[in-house]
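K.L.:
Here it is, the structure, as structure tokens.
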Amino acid sequence: MKRVFLIVLDSFGIGAMPDSPSFGDVGVNTLAACATSEKLCIPNLIAAGLGNIDGVSCLPKAEKPTGAYARLQEASMGKDTTIGHWEIGGIVSDHPLPTYPDGFPEEILAPFRAQTGCEILANAPWSGTEVIEKYGQEHMETGALIVYTSADSVFQIAAHEDIVPPEKLYEYCRIARKLLQGKHGVGRVIARPFIGTPGSFKRTANRHDFSLEPPQDTLLDVLKKAGKASIGVGKIYDIFAGRGTTEHVYNQSNANGMEHALHYAQQDFEGLCFVNLVDFDMNFGHRRDIDGYANALTEFDRWLPSLLEKLGPEDVVMITADHGCDPAYTATTDHTREYVPLLIMGQGVKPVNLGTRASFADIAATVAQMLDVELDTPGKSFMEEIL
């Protein structure tokens with residue numbers, strides 16, 4: 001094959017895994033929640049086989065699917081963006097990244113205060129929108145940084161753009177990233193800039209993630225070393241800590257990310273275009289907005305044919321996710337431990353049911369084989385089954 005377009009619908013889970021209760025998630029199903037909304041209209045994804053995937057009962061089945069399809073189980077011990085993408089890239093993480101349900105200890109905060117010269121507000125798990133409503137005015141009056149976490153392995157810093165310009169906020173995040181290593185090596189340090197006035201604060205598109213480096217080579221690394229394209233669209237560059245991409249571009253929105261994907265589909269390259277569309281998770285999953293999530297899926301489905309028509313005979317599109325974020329699950333506002341879908345389309349793809357796969361890393365193993373590079377991964381390639 002010549003080109004693979006790997007698109008992650010960030011947080012698009014399709015049902016609880018057997019171990020989901022141990023992660024605090026009971027009966028979760030992001031797709032099933034969206035299927036309750038009148039905003040959901042996804043004929044192209046259904047035609048590709050989304051409703052035919054193991055365990056999916058909330059959608060009609062296609063009589064003659066246009067793609068190959070599978071249900072993927074997460075082998076890693078986590079339900080966050082970093083571990084999910086690392087596994088898609090070929091790494092299975094046996095141990096979860098550290099989380100801080102009681103806030104960060106002084107051994108982290110003391111050197112952070114010393115190096116930034118800033119005091120700290122919040123320091124607890126919070127919803128990102130709620131924490132800025134709670135502490136935004138105090139932050140603006142004092143200049144203290146809003147530091148918070150979630151159920152995921154994240155150290156988040158929120159600041160008003162008029163008080164702390166984004167570049168200064170990124171500097172503070174880089175300080176935190178250097179401090180958060182070893183036993184405190186959280187998956188991501190995240191800059192969360194916002195604007196507005198008390199009672200009407202709004203987060204901006206200037207978010208930036210500072211990820212932990214992957215512990216070994218991923219699919220992106222081996223493609224780059226082999227001299228092939230490894231293009232990151234959206235958060236991909238940040239998630240892999242800048243490693244392995246030959247070029248990258250950030251997204252302002254899902255629509256912007258889809259525009260970038262179409263741009264690359266019109267380019268002549270050999271390798272991978274790895275796309276993350278984060279609005280599903282950030283704007284709708286965490287905010288428990290069922291109709292918003294369903295509408296975002298509808299917009300993606302409406303756009304998909306424009307990508308497929310640009311594929312050549314040696315091109316493949318894979319659509320998957322990195323975890324769940326069930327917008328109907330009210331026990332938390334965090335990610336949910338779920339199976340994720342895999343849909344594979346292209347002129348040379350046989351429409352077969354690949355069943356339930358043991359790891360997201362099967363994607364990396366398959367793409368590596370398709371693009372003729374060697375990758376050390378526990379994932380199992382399914383290339384021979386679909387081509």
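Here, A, B, ... name the chains of the structure tokens in the order displayed, residue numbers run from 1 inside each chain, and ligands are numbered from 1 in the same displayed order.
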Skip Gly182 of chain A itself and residues of its chain fewer than 2 positions away, then list as a VMD selection string all residues within 12 Å of it, counting only C-alpha atoms.
P.N.:
chain A and resid 97 to 98 108 177 to 180 184 to 187 212 to 213 215
K.L.:
Restrict the selected residues to N, CA and C atoms and save them as a short mmCIF file (atom, residue, chain, number, x, y, z; two decimals), in the first residue's frame.
P.N.:
data_model
loop_
_atom_site.label_atom_id
_atom_site.label_comp_id
_atom_site.auth_asym_id
_atom_site.auth_seq_id
_atom_site.Cartn_x
_atom_site.Cartn_y
_atom_site.Cartn_z
N LEU A 97 -0.74 5.15 34.16
CA LEU A 97 -0.03 6.37 34.50
C LEU A 97 -0.61 6.93 35.80
N PRO A 98 0.17 7.69 36.56
CA PRO A 98 -0.30 8.14 37.88
C PRO A 98 -1.48 9.11 37.79
N ILE A 108 5.44 18.04 44.43
CA ILE A 108 5.29 18.54 43.06
C ILE A 108 5.05 20.04 43.06
N ARG A 177 6.18 19.96 33.04
CA ARG A 177 6.52 18.72 32.33
C ARG A 177 7.88 18.19 32.77
N LYS A 178 8.85 19.07 32.98
CA LYS A 178 10.17 18.64 33.44
C LYS A 178 10.13 18.11 34.87
N LEU A 179 9.23 18.65 35.68
CA LEU A 179 9.10 18.19 37.06
C LEU A 179 8.37 16.86 37.16
N LEU A 180 7.42 16.65 36.25
CA LEU A 180 6.55 15.48 36.32
C LEU A 180 7.14 14.32 35.54
N HIS A 184 5.96 10.40 39.18
CA HIS A 184 4.96 11.44 38.93
C HIS A 184 4.84 11.76 37.43
N GLY A 185 5.22 10.81 36.59
CA GLY A 185 5.19 11.03 35.15
C GLY A 185 3.79 10.94 34.58
N VAL A 186 3.01 11.99 34.76
CA VAL A 186 1.65 12.00 34.22
C VAL A 186 1.68 11.95 32.69
N GLY A 187 0.59 11.46 32.12
CA GLY A 187 0.54 11.34 30.67
C GLY A 187 0.66 12.66 29.96
N LEU A 212 4.11 12.97 27.96
CA LEU A 212 5.24 12.13 28.33
C LEU A 212 5.76 11.45 27.07
N GLU A 213 7.07 11.28 26.96
CA GLU A 213 7.61 10.59 25.78
C GLU A 213 7.28 9.11 25.81
N PRO A 215 7.79 5.20 25.77
CA PRO A 215 8.95 4.48 26.30
C PRO A 215 9.74 3.70 25.26
#
K.L.:
So that each row is one residue of segment 335-359 of chain A with an atom at most 9 Å from segment 379-382 of chain A, can you give its shortest atom pair and the distance in Å to one decimal, using only C-alpha atoms, rows by chain and rising number, as a Markdown table?
P.N.:
| residue | atom | partner | partner_atom | distance |
| --- | --- | --- | --- | --- |
| A:Leu354 | CA | A:Phe382 | CA | 7.9 |
| A:Arg357 | CA | A:Lys380 | CA | 8.8 |
| A:Ala358 | CA | A:Gly379 | CA | 8.2 |
| A:Ser359 | CA | A:Gly379 | CA | 6.4 |
K.L.:
Keeping N, CA and C atoms for every residue in the selection just given, could you write it to a file as a short mmCIF file (atom, residue, chain, number, x, y, z; two decimals), in the first residue's frame?
P.N.:
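That gives us again-v7.cif:
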data_model
loop_
_atom_site.label_atom_id
_atom_site.label_comp_id
_atom_site.auth_asym_id
_atom_site.auth_seq_id
_atom_site.Cartn_x
_atom_site.Cartn_y
_atom_site.Cartn_z
N LEU A 354 -13.66 -8.69 11.24
CA LEU A 354 -12.42 -9.08 11.90
C LEU A 354 -12.63 -9.46 13.37
N ARG A 357 -10.78 -7.83 18.50
CA ARG A 357 -9.32 -7.91 18.53
C ARG A 357 -8.82 -7.63 19.95
N ALA A 358 -7.69 -8.22 20.30
CA ALA A 358 -7.18 -8.16 21.67
C ALA A 358 -6.51 -6.84 22.02
N SER A 359 -6.19 -6.02 21.02
CA SER A 359 -5.44 -4.80 21.33
C SER A 359 -5.59 -3.77 20.22
#
K.L.:
Which neighbours of segment 268-279 of chain A fall inside 7 Å, counting only C-alpha atoms, when residues of the same chain fewer than 6 positions from it are skipped, and could you give them as a list of chain:residue names?
P.N.:
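The contact residues come out as A:Lys2, A:Arg3, A:Val4, A:Phe5, A:Leu6, A:Ile7, A:Val8, A:Leu9, A:Asp10, A:Lys228, A:Ala229, A:Ser230, A:Ile231, A:Gly232, A:Val233, A:Gly234, A:Lys235, A:Ile236, A:Ser253, A:Asn254, A:Gly257, A:Leu371.
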K.L.:
Would you please give, as an NGL selection string, all residues of segment 165-199 of chain A that DSSP assigns to helix (DSSP H, G or I) based on the backbone?
P.N.:
:A and (166-179 or 182-184)
K.L.:
Rank nothing, just name the residue among A:Pro193, A:Gly312, A:Gly55, A:Pro341 nearest to Gly128 of chain A, using only C-alpha atoms.
P.N.:
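Comparing A:Pro193, A:Gly312, A:Gly55, A:Pro341 against Gly128 of chain A, the winner is A:Pro193.
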K.L.:
Residues within 10 Å of Asp291 of chain A, please, as a PyMOL selection string. Count only C-alpha atoms; anything in the same chain fewer than 5 positions from it doesn't count.
P.N.:
chain A and resi 33-40+284+296-297+327
K.L.:
For the selection you just gave me, I'd like the residues written to a file as a PDB file, in the first residue's frame, keeping C-alpha atoms.
P.N.:
ATOM      1  CA  ALA A  33     -25.902   7.181  24.043  1.00  0.00           C
ATOM      2  CA  CYS A  34     -25.555   8.985  20.716  1.00  0.00           C
ATOM      3  CA  ALA A  35     -28.037   6.592  19.099  1.00  0.00           C
ATOM      4  CA  THR A  36     -30.754   7.987  21.391  1.00  0.00           C
ATOM      5  CA  SER A  37     -30.402  11.408  19.778  1.00  0.00           C
ATOM      6  CA  GLU A  38     -32.453  12.638  16.842  1.00  0.00           C
ATOM      7  CA  LYS A  39     -29.300  14.454  15.724  1.00  0.00           C
ATOM      8  CA  LEU A  40     -27.579  11.184  14.761  1.00  0.00           C
ATOM      9  CA  PHE A 284     -19.303  16.878  23.892  1.00  0.00           C
ATOM     10  CA  ALA A 296     -20.554  15.882  15.478  1.00  0.00           C
ATOM     11  CA  LEU A 297     -20.755  12.253  14.307  1.00  0.00           C
ATOM     12  CA  PRO A 327     -22.127  11.544  27.201  1.00  0.00           C
TER      13      PRO A 327
END
K.L.:
Give me the residues near Pro214 of chain A as a ChimeraX atom specification, where near means some atom within 12 Å (using only C-alpha atoms) and where sequence neighbours in that chain fewer than 2 positions away do not count.
P.N.:
/A:82-87,89-93,97,185-188,211-212,216-221,238-244
K.L.:
With N, CA and C atoms retained, could you export that selection as a tab-separated table (two decimals), in the first residue's frame?
P.N.:
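Okay, this is what ended up in result26.tsv:
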chain	number	residue	atom	x	y	z
A	82	THR	N	-3.37	9.55	26.05
A	82	THR	CA	-1.97	9.18	25.81
A	82	THR	C	-1.82	7.68	25.66
A	83	ILE	N	-2.28	6.92	26.63
A	83	ILE	CA	-2.12	5.46	26.57
A	83	ILE	C	-2.89	4.89	25.39
A	84	GLY	N	-4.09	5.44	25.10
A	84	GLY	CA	-4.86	4.95	23.96
A	84	GLY	C	-4.13	5.14	22.65
A	85	HIS	N	-3.57	6.33	22.44
A	85	HIS	CA	-2.84	6.59	21.19
A	85	HIS	C	-1.52	5.81	21.13
A	86	TRP	N	-0.84	5.70	22.28
A	86	TRP	CA	0.37	4.88	22.28
A	86	TRP	C	0.05	3.45	21.85
A	87	GLU	N	-1.08	2.92	22.31
A	87	GLU	CA	-1.42	1.56	21.93
A	87	GLU	C	-1.78	1.47	20.45
A	89	GLY	N	-0.43	3.21	18.33
A	89	GLY	CA	0.90	3.30	17.72
A	89	GLY	C	1.79	2.10	17.98
A	90	GLY	N	1.30	1.10	18.74
A	90	GLY	CA	2.05	-0.14	18.89
A	90	GLY	C	2.53	-0.49	20.28
A	91	ILE	N	2.32	0.39	21.28
A	91	ILE	CA	2.83	0.15	22.63
A	91	ILE	C	1.69	-0.22	23.57
A	92	VAL	N	1.82	-1.35	24.25
A	92	VAL	CA	0.87	-1.73	25.29
A	92	VAL	C	1.47	-1.37	26.65
A	93	SER	N	0.73	-0.57	27.42
A	93	SER	CA	1.22	-0.09	28.72
A	93	SER	C	0.64	-0.96	29.83
A	97	LEU	N	-0.74	5.15	34.16
A	97	LEU	CA	-0.03	6.37	34.50
A	97	LEU	C	-0.61	6.93	35.80
A	185	GLY	N	5.22	10.81	36.59
A	185	GLY	CA	5.19	11.03	35.15
A	185	GLY	C	3.79	10.94	34.58
A	186	VAL	N	3.01	11.99	34.76
A	186	VAL	CA	1.65	12.00	34.22
A	186	VAL	C	1.68	11.95	32.69
A	187	GLY	N	0.59	11.46	32.12
A	187	GLY	CA	0.54	11.34	30.67
A	187	GLY	C	0.66	12.66	29.96
A	188	ARG	N	-0.05	13.67	30.49
A	188	ARG	CA	-0.05	14.97	29.80
A	188	ARG	C	-0.08	16.12	30.79
A	211	SER	N	3.10	16.05	26.34
A	211	SER	CA	2.98	14.64	26.71
A	211	SER	C	4.28	14.03	27.20
A	212	LEU	N	4.11	12.97	27.96
A	212	LEU	CA	5.24	12.13	28.33
A	212	LEU	C	5.76	11.45	27.07
A	216	GLN	N	9.20	3.56	24.07
A	216	GLN	CA	9.92	2.86	22.99
A	216	GLN	C	9.41	3.38	21.65
A	217	ASP	N	10.03	2.92	20.57
A	217	ASP	CA	9.62	3.37	19.25
A	217	ASP	C	8.17	2.99	18.95
A	218	THR	N	7.46	3.92	18.35
A	218	THR	CA	6.09	3.67	17.91
A	218	THR	C	6.08	3.54	16.38
A	219	LEU	N	4.90	3.30	15.86
A	219	LEU	CA	4.72	3.25	14.40
A	219	LEU	C	5.26	4.51	13.75
A	220	LEU	N	5.03	5.66	14.38
A	220	LEU	CA	5.49	6.92	13.81
A	220	LEU	C	7.01	6.96	13.70
A	221	ASP	N	7.68	6.49	14.76
A	221	ASP	CA	9.15	6.51	14.76
A	221	ASP	C	9.73	5.67	13.63
A	238	ASP	N	1.54	16.45	19.72
A	238	ASP	CA	1.64	16.62	21.17
A	238	ASP	C	1.56	15.28	21.91
A	239	ILE	N	0.65	14.41	21.50
A	239	ILE	CA	0.45	13.14	22.19
A	239	ILE	C	1.72	12.29	22.18
A	240	PHE	N	2.46	12.35	21.08
A	240	PHE	CA	3.69	11.58	20.97
A	240	PHE	C	4.93	12.42	21.30
A	241	ALA	N	4.70	13.53	22.02
A	241	ALA	CA	5.78	14.39	22.51
A	241	ALA	C	6.71	14.84	21.40
A	242	GLY	N	6.14	15.08	20.21
A	242	GLY	CA	6.93	15.59	19.09
A	242	GLY	C	7.76	14.56	18.38
A	243	ARG	N	7.66	13.31	18.80
A	243	ARG	CA	8.49	12.26	18.21
A	243	ARG	C	7.79	11.58	17.04
A	244	GLY	N	8.56	11.33	16.00
A	244	GLY	CA	8.10	10.44	14.94
A	244	GLY	C	7.35	11.08	13.80
K.L.:
List every residue of segment 87-169 of chain A that DSSP, applied to the backbone of this structure, assigns to strand (DSSP E), and report them as number ranges by chain.
P.N.:
A: 120-125, 145-149, 154-160
K.L.:
Any chance you could export the current selection's N, CA and C atoms as a PDB file, in the first residue's frame?
P.N.:
ATOM      1  N   ILE A 120      -1.003  28.797  43.624  1.00  0.00           N
ATOM      2  CA  ILE A 120      -1.843  27.779  43.026  1.00  0.00           C
ATOM      3  C   ILE A 120      -3.267  27.869  43.572  1.00  0.00           C
ATOM      4  N   LEU A 121      -4.251  27.738  42.674  1.00  0.00           N
ATOM      5  CA  LEU A 121      -5.650  27.621  43.052  1.00  0.00           C
ATOM      6  C   LEU A 121      -6.169  26.234  42.645  1.00  0.00           C
ATOM      7  N   ALA A 122      -7.200  25.780  43.343  1.00  0.00           N
ATOM      8  CA  ALA A 122      -7.932  24.540  43.039  1.00  0.00           C
ATOM      9  C   ALA A 122      -7.195  23.304  43.532  1.00  0.00           C
ATOM     10  N   ASN A 123      -6.278  22.759  42.746  1.00  0.00           N
ATOM     11  CA  ASN A 123      -5.522  21.548  43.076  1.00  0.00           C
ATOM     12  C   ASN A 123      -6.418  20.402  43.522  1.00  0.00           C
ATOM     13  N   ALA A 124      -7.297  19.976  42.616  1.00  0.00           N
ATOM     14  CA  ALA A 124      -8.191  18.848  42.855  1.00  0.00           C
ATOM     15  C   ALA A 124      -8.746  18.410  41.503  1.00  0.00           C
ATOM     16  N   PRO A 125      -9.375  17.248  41.436  1.00  0.00           N
ATOM     17  CA  PRO A 125     -10.062  16.868  40.192  1.00  0.00           C
ATOM     18  C   PRO A 125     -11.264  17.798  39.947  1.00  0.00           C
ATOM     19  N   LEU A 145      -2.297  30.626  39.451  1.00  0.00           N
ATOM     20  CA  LEU A 145      -2.660  29.697  38.392  1.00  0.00           C
ATOM     21  C   LEU A 145      -3.696  28.686  38.885  1.00  0.00           C
ATOM     22  N   ILE A 146      -4.645  28.361  38.019  1.00  0.00           N
ATOM     23  CA  ILE A 146      -5.634  27.331  38.332  1.00  0.00           C
ATOM     24  C   ILE A 146      -5.049  25.983  37.910  1.00  0.00           C
ATOM     25  N   VAL A 147      -4.677  25.170  38.879  1.00  0.00           N
ATOM     26  CA  VAL A 147      -4.079  23.856  38.623  1.00  0.00           C
ATOM     27  C   VAL A 147      -5.068  22.789  39.052  1.00  0.00           C
ATOM     28  N   TYR A 148      -5.375  21.878  38.152  1.00  0.00           N
ATOM     29  CA  TYR A 148      -6.360  20.848  38.482  1.00  0.00           C
ATOM     30  C   TYR A 148      -6.059  19.572  37.694  1.00  0.00           C
ATOM     31  N   THR A 149      -6.779  18.520  38.022  1.00  0.00           N
ATOM     32  CA  THR A 149      -6.607  17.240  37.340  1.00  0.00           C
ATOM     33  C   THR A 149      -7.983  16.651  37.057  1.00  0.00           C
ATOM     34  N   VAL A 154      -3.427  13.588  34.197  1.00  0.00           N
ATOM     35  CA  VAL A 154      -3.185  14.915  33.629  1.00  0.00           C
ATOM     36  C   VAL A 154      -2.899  15.940  34.721  1.00  0.00           C
ATOM     37  N   PHE A 155      -2.055  16.906  34.383  1.00  0.00           N
ATOM     38  CA  PHE A 155      -1.770  18.094  35.203  1.00  0.00           C
ATOM     39  C   PHE A 155      -2.181  19.260  34.335  1.00  0.00           C
ATOM     40  N   GLN A 156      -3.294  19.911  34.666  1.00  0.00           N
ATOM     41  CA  GLN A 156      -3.845  20.947  33.808  1.00  0.00           C
ATOM     42  C   GLN A 156      -3.681  22.321  34.462  1.00  0.00           C
ATOM     43  N   ILE A 157      -3.312  23.294  33.645  1.00  0.00           N
ATOM     44  CA  ILE A 157      -3.127  24.660  34.123  1.00  0.00           C
ATOM     45  C   ILE A 157      -4.025  25.576  33.303  1.00  0.00           C
ATOM     46  N   ALA A 158      -4.986  26.200  33.980  1.00  0.00           N
ATOM     47  CA  ALA A 158      -5.885  27.143  33.318  1.00  0.00           C
ATOM     48  C   ALA A 158      -5.495  28.568  33.687  1.00  0.00           C
ATOM     49  N   ALA A 159      -5.545  29.445  32.695  1.00  0.00           N
ATOM     50  CA  ALA A 159      -5.222  30.857  32.932  1.00  0.00           C
ATOM     51  C   ALA A 159      -5.921  31.715  31.886  1.00  0.00           C
ATOM     52  N   HIS A 160      -6.367  32.889  32.314  1.00  0.00           N
ATOM     53  CA  HIS A 160      -7.016  33.836  31.406  1.00  0.00           C
ATOM     54  C   HIS A 160      -5.961  34.438  30.484  1.00  0.00           C
TER      55      HIS A 160
END
